[in-house]
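Text of input_28.cif, listed as mmCIF, C-alpha atoms:
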data_upload
#
loop_
_atom_site.label_atom_id
_atom_site.label_comp_id
_atom_site.auth_asym_id
_atom_site.auth_seq_id
_atom_site.Cartn_x
_atom_site.Cartn_y
_atom_site.Cartn_z
CA MET W 1022 0.00 0.00 0.00
CA VAL W 1023 1.38 3.40 -1.00
CA VAL W 1024 0.73 6.20 1.46
CA CYS W 1025 0.13 9.57 -0.25
CA ASP W 1026 -0.12 13.02 1.25
CA GLY W 1027 -3.33 14.94 0.64
CA GLY W 1028 -1.98 16.88 -2.32
CA THR W 1029 -0.75 13.79 -4.11
CA LEU W 1030 -4.04 12.02 -3.46
CA MET W 1031 -6.03 14.94 -4.87
CA ASN W 1032 -3.79 15.02 -7.94
CA ASP W 1033 -4.60 11.36 -8.48
CA MET W 1034 -8.32 11.98 -8.00
CA LEU W 1035 -8.33 14.82 -10.51
CA SER W 1036 -6.43 12.63 -12.97
CA ASN W 1037 -9.15 10.01 -12.57
CA ILE W 1038 -11.94 12.51 -13.16
CA ASP W 1039 -10.16 13.89 -16.23
CA ARG W 1040 -10.86 10.57 -17.95
CA PHE W 1041 -14.47 11.61 -18.46
CA SER W 1042 -15.92 14.05 -20.97
CA GLY W 1043 -17.87 17.07 -19.74
CA VAL W 1044 -15.37 17.93 -16.96
CA HIS W 1045 -14.49 21.60 -16.46
CA LYS W 1046 -11.64 22.60 -14.14
CA TYR W 1047 -10.33 26.07 -13.31
CA ASN W 1048 -7.09 27.66 -12.19
CA GLY W 1049 -6.30 26.94 -8.56
CA VAL W 1050 -7.31 29.33 -5.80
CA HIS W 1051 -4.80 31.74 -4.27
CA ALA W 1052 -3.92 31.51 -0.58
CA ASP W 1053 -5.44 34.94 0.17
CA GLN W 1054 -8.78 33.75 -1.22
CA LEU W 1055 -8.73 30.84 1.22
CA VAL W 1056 -8.19 33.37 4.00
CA ALA W 1057 -11.17 35.32 2.65
CA LEU W 1058 -13.29 32.17 2.85
CA THR W 1059 -12.33 31.60 6.48
CA ARG W 1060 -13.10 35.23 7.33
CA GLY W 1061 -16.28 35.36 5.26
CA CYS W 1062 -17.80 32.18 6.67
CA GLY W 1063 -15.89 31.87 9.93
CA LEU W 1064 -15.12 28.27 8.98
CA THR W 1065 -12.24 26.17 7.73
CA LEU W 1066 -12.87 23.56 5.04
CA PRO W 1067 -11.55 19.99 5.38
CA LYS W 1068 -7.98 19.61 4.10
CA MET W 1069 -8.93 17.45 1.10
CA HIS W 1070 -11.46 20.06 0.02
CA VAL W 1071 -8.79 22.77 0.31
CA ASP W 1072 -6.45 20.58 -1.75
CA LEU W 1073 -9.05 20.53 -4.53
CA LEU W 1074 -9.48 24.32 -4.51
CA LEU W 1075 -5.72 24.84 -4.62
CA ARG W 1076 -5.71 22.86 -7.87
CA SER W 1077 -9.09 23.88 -9.31
CA ASN W 1078 -11.14 26.78 -7.94
CA GLY W 1079 -14.44 25.07 -8.58
CA LEU W 1080 -15.24 21.98 -10.61
CA GLU W 1081 -18.04 20.87 -12.91
CA VAL W 1082 -18.67 17.36 -14.19
CA PHE W 1083 -21.17 15.75 -16.57
CA SER W 1084 -21.39 18.99 -18.57
CA GLY W 1085 -22.33 21.16 -15.59
CA PHE W 1086 -24.96 18.85 -14.11
CA TYR W 1087 -22.86 18.42 -10.94
CA ARG W 1088 -20.77 21.26 -9.48
CA ILE W 1089 -18.33 22.15 -6.74
CA PHE W 1090 -18.32 25.87 -6.00
CA GLY W 1091 -15.25 28.09 -6.14
CA ILE W 1092 -14.13 31.04 -4.03
CA ALA W 1093 -14.72 34.60 -5.26
CA PRO W 1094 -14.95 33.55 -8.92
CA THR W 1095 -16.20 35.79 -11.68
CA THR W 1096 -17.88 33.19 -13.90
CA ARG W 1097 -19.45 30.66 -11.50
CA THR W 1098 -20.92 30.32 -8.03
CA ASP W 1099 -18.97 31.78 -5.10
CA ILE W 1100 -19.26 29.66 -1.96
CA ILE W 1101 -19.25 32.74 0.30
CA GLY W 1102 -21.97 34.64 -1.53
CA TRP W 1103 -24.04 31.50 -2.12
CA ASN W 1104 -24.26 30.84 1.64
CA GLN W 1105 -25.34 34.36 2.55
CA LYS W 1106 -28.84 34.20 4.01
CA GLU W 1107 -30.21 36.87 1.67
CA CYS W 1108 -29.09 35.00 -1.46
CA TRP W 1109 -31.72 32.22 -1.21
CA LYS W 1110 -31.69 30.58 2.24
CA PHE W 1111 -34.04 33.24 3.66
CA ALA W 1112 -36.92 31.67 1.72
CA TRP W 1113 -36.53 28.49 3.79
CA GLY W 1114 -36.78 30.07 7.24
CA ASN W 1115 -34.13 28.31 9.34
CA LYS W 1116 -34.22 24.94 7.57
CA CYS W 1117 -30.73 25.13 6.07
CA ASP W 1118 -29.05 27.58 8.45
CA GLY W 1119 -26.94 24.82 9.98
CA PHE W 1120 -25.30 23.84 6.69
CA LEU W 1121 -22.53 25.25 4.50
CA CYS W 1122 -23.41 24.43 0.90
CA PHE W 1123 -20.32 23.85 -1.26
CA GLY W 1124 -21.76 22.25 -4.40
CA GLU W 1125 -24.93 21.07 -6.06
CA SER W 1126 -26.64 19.15 -8.80
CA ALA W 1127 -28.29 20.96 -11.68
CA PHE W 1128 -31.64 20.14 -10.05
CA GLY W 1129 -30.66 22.25 -7.03
CA ASP W 1130 -29.86 19.50 -4.53
CA GLN W 1131 -27.09 20.92 -2.32
CA TYR W 1132 -23.85 19.21 -1.28
CA CYS W 1133 -22.96 20.55 2.15
CA TYR W 1134 -21.30 20.21 5.55
CA GLN W 1135 -22.90 20.72 8.92
CA ILE W 1136 -21.48 24.00 10.20
CA GLU W 1137 -21.19 22.51 13.68
CA SER W 1138 -18.79 19.83 12.45
CA LEU W 1139 -16.62 22.42 10.68
CA GLN W 1140 -16.48 24.49 13.87
CA ARG W 1141 -15.23 21.46 15.81
CA ASP W 1142 -12.34 21.06 13.33
CA GLU W 1143 -12.92 17.37 12.82
CA THR W 1144 -13.74 15.11 9.88
CA SER W 1145 -16.91 16.58 8.39
CA PRO W 1146 -19.45 14.27 6.74
CA VAL W 1147 -20.95 15.41 3.46
CA TYR W 1148 -24.74 15.79 3.29
CA LEU W 1149 -27.23 16.25 0.47
CA LEU W 1150 -30.07 18.74 0.96
CA ASP W 1151 -33.04 17.98 -1.27
CA ALA W 1152 -33.89 21.02 -3.40
CA VAL W 1153 -37.66 20.68 -2.91
CA THR W 1154 -37.73 19.91 0.84
CA MET W 1155 -34.22 20.75 2.18
CA GLN W 1156 -34.31 17.44 4.04
CA PRO W 1157 -30.70 16.36 4.75
CA VAL W 1158 -29.30 12.92 3.95
CA GLN W 1159 -25.72 11.97 4.80
CA LEU W 1160 -23.91 10.94 1.62
CA GLU W 1161 -20.36 10.20 2.77
CA SER W 1162 -18.19 10.36 5.88
CA SER W 1163 -15.69 12.86 4.40
CA PHE W 1164 -14.93 15.04 1.38
CA ALA W 1165 -12.42 12.48 0.11
CA ALA W 1166 -15.07 9.74 0.22
CA PHE W 1167 -17.57 12.09 -1.42
CA PHE W 1168 -15.16 12.83 -4.27
CA GLU W 1169 -14.34 9.16 -4.78
CA ASN W 1170 -17.80 7.64 -4.38
CA GLU W 1171 -20.14 10.40 -5.56
CA LEU W 1172 -18.38 12.90 -7.82
CA LEU W 1173 -16.34 10.37 -9.79
CA ARG W 1174 -19.43 8.23 -10.18
CA VAL W 1175 -21.71 10.94 -11.57
CA ALA W 1176 -18.90 12.28 -13.79
CA GLY W 1177 -18.87 9.00 -15.67
CA GLU W 1178 -22.44 7.72 -15.44
CA PRO W 1179 -25.04 9.52 -13.28
CA TYR W 1180 -27.28 7.18 -11.34
CA ASP W 1181 -30.16 9.66 -11.73
CA GLU W 1182 -31.90 8.67 -14.95
CA MET W 1183 -33.50 12.12 -15.17
CA ALA W 1184 -30.05 13.74 -15.29
CA VAL W 1185 -29.20 11.58 -18.30
CA LEU W 1186 -32.47 12.44 -20.05
CA ALA W 1187 -32.11 16.14 -19.24
CA HIS W 1188 -28.55 16.12 -20.58
CA GLN W 1189 -29.83 14.65 -23.82
CA ARG W 1190 -32.47 17.38 -24.06
CA PHE W 1191 -30.60 20.48 -22.85
CA GLY W 1192 -26.93 19.63 -23.41
CA ALA W 1193 -24.29 21.33 -21.24
CA LEU W 1194 -25.59 23.70 -18.57
CA PRO W 1195 -24.09 26.97 -17.28
CA ALA W 1196 -23.04 26.84 -13.64
CA ARG W 1197 -25.56 29.41 -12.42
CA VAL W 1198 -28.81 27.80 -13.59
CA HIS W 1199 -31.00 25.02 -12.28
CA LEU W 1200 -33.49 22.67 -13.89
CA THR W 1201 -36.87 22.80 -12.18
CA TYR W 1202 -40.16 21.03 -12.78
CA SER W 1203 -43.22 23.00 -13.81
CA PRO W 1204 -45.55 22.45 -12.10
CA SER W 1205 -43.43 21.89 -8.99
CA LEU W 1206 -43.14 18.34 -7.66
CA ALA W 1207 -44.27 19.76 -4.29
CA LEU W 1208 -47.55 20.79 -5.96
CA GLY W 1209 -48.19 17.47 -7.66
CA GLY W 1210 -46.10 17.97 -10.79
CA GLU W 1211 -44.76 14.92 -12.58
CA GLU W 1212 -41.09 14.03 -12.85
CA LYS W 1213 -40.92 14.11 -16.63
CA VAL W 1214 -38.16 15.60 -18.73
CA GLU W 1215 -40.68 17.59 -20.80
CA ASN W 1216 -41.76 19.36 -17.58
CA LEU W 1217 -38.28 20.72 -16.91
CA GLN W 1218 -37.39 24.37 -17.39
CA ILE W 1219 -34.20 26.37 -16.88
CA LEU W 1220 -34.15 29.00 -14.11
CA ASP W 1221 -31.54 31.15 -12.41
CA ALA W 1222 -30.13 28.99 -9.59
CA ALA W 1223 -30.90 31.29 -6.65
CA THR W 1224 -34.37 32.07 -8.02
CA ALA W 1225 -35.16 28.37 -8.35
CA LEU W 1226 -34.29 27.69 -4.70
CA ILE W 1227 -36.23 30.75 -3.55
CA PHE W 1228 -39.29 29.45 -5.41
CA HIS W 1229 -38.86 26.00 -3.83
CA GLY W 1230 -38.59 27.65 -0.41
CA ASP W 1231 -41.64 29.85 -0.94
CA ILE W 1232 -43.72 26.83 -1.96
CA ASN W 1233 -42.44 24.61 0.85
CA ARG W 1234 -43.03 27.18 3.57
CA GLN W 1235 -46.51 28.14 2.39
CA LEU W 1236 -47.59 24.53 1.99
CA SER W 1237 -46.48 23.90 5.58
CA ASP W 1238 -48.51 26.89 6.80
CA ALA W 1239 -51.65 26.14 4.75
CA GLN W 1240 -54.87 25.36 6.58
CA PHE W 1241 -56.10 21.80 6.17
CA ASP W 1242 -59.40 22.90 4.56
CA ALA W 1243 -57.79 25.23 1.99
CA THR W 1244 -57.39 24.50 -1.71
CA LEU W 1245 -54.68 26.01 -3.87
CA SER W 1246 -56.37 28.25 -6.40
CA ALA W 1247 -53.46 30.10 -8.04
CA ILE W 1248 -49.75 30.90 -7.90
CA GLU W 1249 -48.87 34.58 -8.06
CA PRO W 1250 -45.34 35.75 -8.96
CA TYR W 1251 -44.14 38.98 -7.39
CA THR W 1252 -40.94 40.86 -6.57
CA ASP W 1253 -39.97 41.50 -2.95
CA ASP W 1254 -38.42 44.65 -1.45
CA LEU W 1255 -34.92 43.49 -2.45
CA LEU W 1256 -36.08 42.91 -6.05
CA ARG W 1257 -35.92 39.12 -5.72
CA PRO W 1258 -38.46 37.05 -7.71
CA ARG W 1259 -40.90 35.32 -5.34
CA LEU W 1260 -44.01 33.14 -5.44
CA ARG W 1261 -47.22 33.58 -3.47
CA LEU W 1262 -49.68 30.68 -3.17
CA LEU W 1263 -53.32 31.80 -3.21
CA TRP W 1264 -55.84 29.65 -1.36
CA SER W 1265 -59.61 29.19 -1.31
CA LYS W 1266 -61.49 27.45 1.44
CA GLN W 1267 -63.60 24.39 0.82
CA PRO W 1268 -67.33 25.08 1.24
CA SER W 1269 -68.60 23.83 4.58
#

Rewritten as structure tokens:
Amino acid sequence: MVVCDGGTLMNDMLSNIDRFSGVHKYNGVHADQLVALTRGCGLTLPKMHVDLLLRSNGLEVFSGFYRIFGIAPTTRTDIIGWNQKECWKFAWGNKCDGFLCFGESAFGDQYCYQIESLQRDETSPVYLLDAVTMQPVQLESSFAAFFENELLRVAGEPYDEMAVLAHQRFGALPARVHLTYSPSLALGGEEKVENLQILDAATALIFHGDINRQLSDAQFDATLSAIEPYTDDLLRPRLRLLWSKQPS
């Protein structure tokens, strides 16, 4: 067994992922940007995650359908800005406040760490937050395991059949858009590729949050009658669910 340091191991992992088409890497992050991340979020990423950013400041595989965010980039999602409450998390109340999101699928499912584990400076498991519900599921015990067992896997052959079908329909996707179902799955929409549409990433998650929160608050005898788009005080696109009561 050959023992590698973290940098050598990450080099090997990136070499493995380069075997697949649809992979997009970037120039490595500068040390001062890593300091900015620590100051901006008050957190330190696991060493293997840092090793990736030093070699590629962000990463996209399967033609942009799966992404790792960069730090202070100009052409893709910035991990610091993305985790600011006012970007999109506000729409979910406090459901995702305990997580630092560092990547995602094109459907909006978030790869993340629990902030508490990062604060304890220990091995941080990687979770997946469902885009429609923000329910967390632990994917892997560490970033290294996540890279090996999740990212390498979806780079070559995604296990989500809908990702394959959507790739055939839409082709490569920019890093700042999501695919969402219309009507929403939360409102009874069907998971069919012809129901998918492209939305700005933050807007898509705000819409999911608006729907989720208002469904949770709805009275049991109310029926959804319409969905009203509007713009809030910060000029963010929002959704308002309009209800009618069942006749008694």

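The residues returned by the PyMOL selection byres ((chain W and resi 1203-1213) around 8) on the shown structure are Val1153, Met1183, Thr1201, Tyr1202, Val1214, Glu1215, Asn1216, Leu1217, Gln1218, Ile1232 and Asn1233 of chain W.
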
For this session: Report as a PyMOL selection string the residues that result from applying the PyMOL selection byres ((chain W and resi 1145) around 12) to the structure here.
Result: chain W and resi 1064-1070+1120-1121+1133-1144+1146-1148+1159-1167

For this session: Rounded to one decimal place, report the CA of Val1082 (chain W)-CA of Thr1059 (chain W) distance in Å.
Result: 25.9 Å

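Here CA of His1199 (chain W) is placed at a distance of 27.5 Å from CA of Trp1264 (chain W).
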
Problem set entry | Phe1111 (chain W) surroundings by all atoms listed in the file, 12 Å radius, close-in-sequence under 4 positions cut, as an MDAnalysis selection string | chainID W and resid 1103:1107 1115:1118 1223:1224 1226:1231 1234 1255 1257 1259
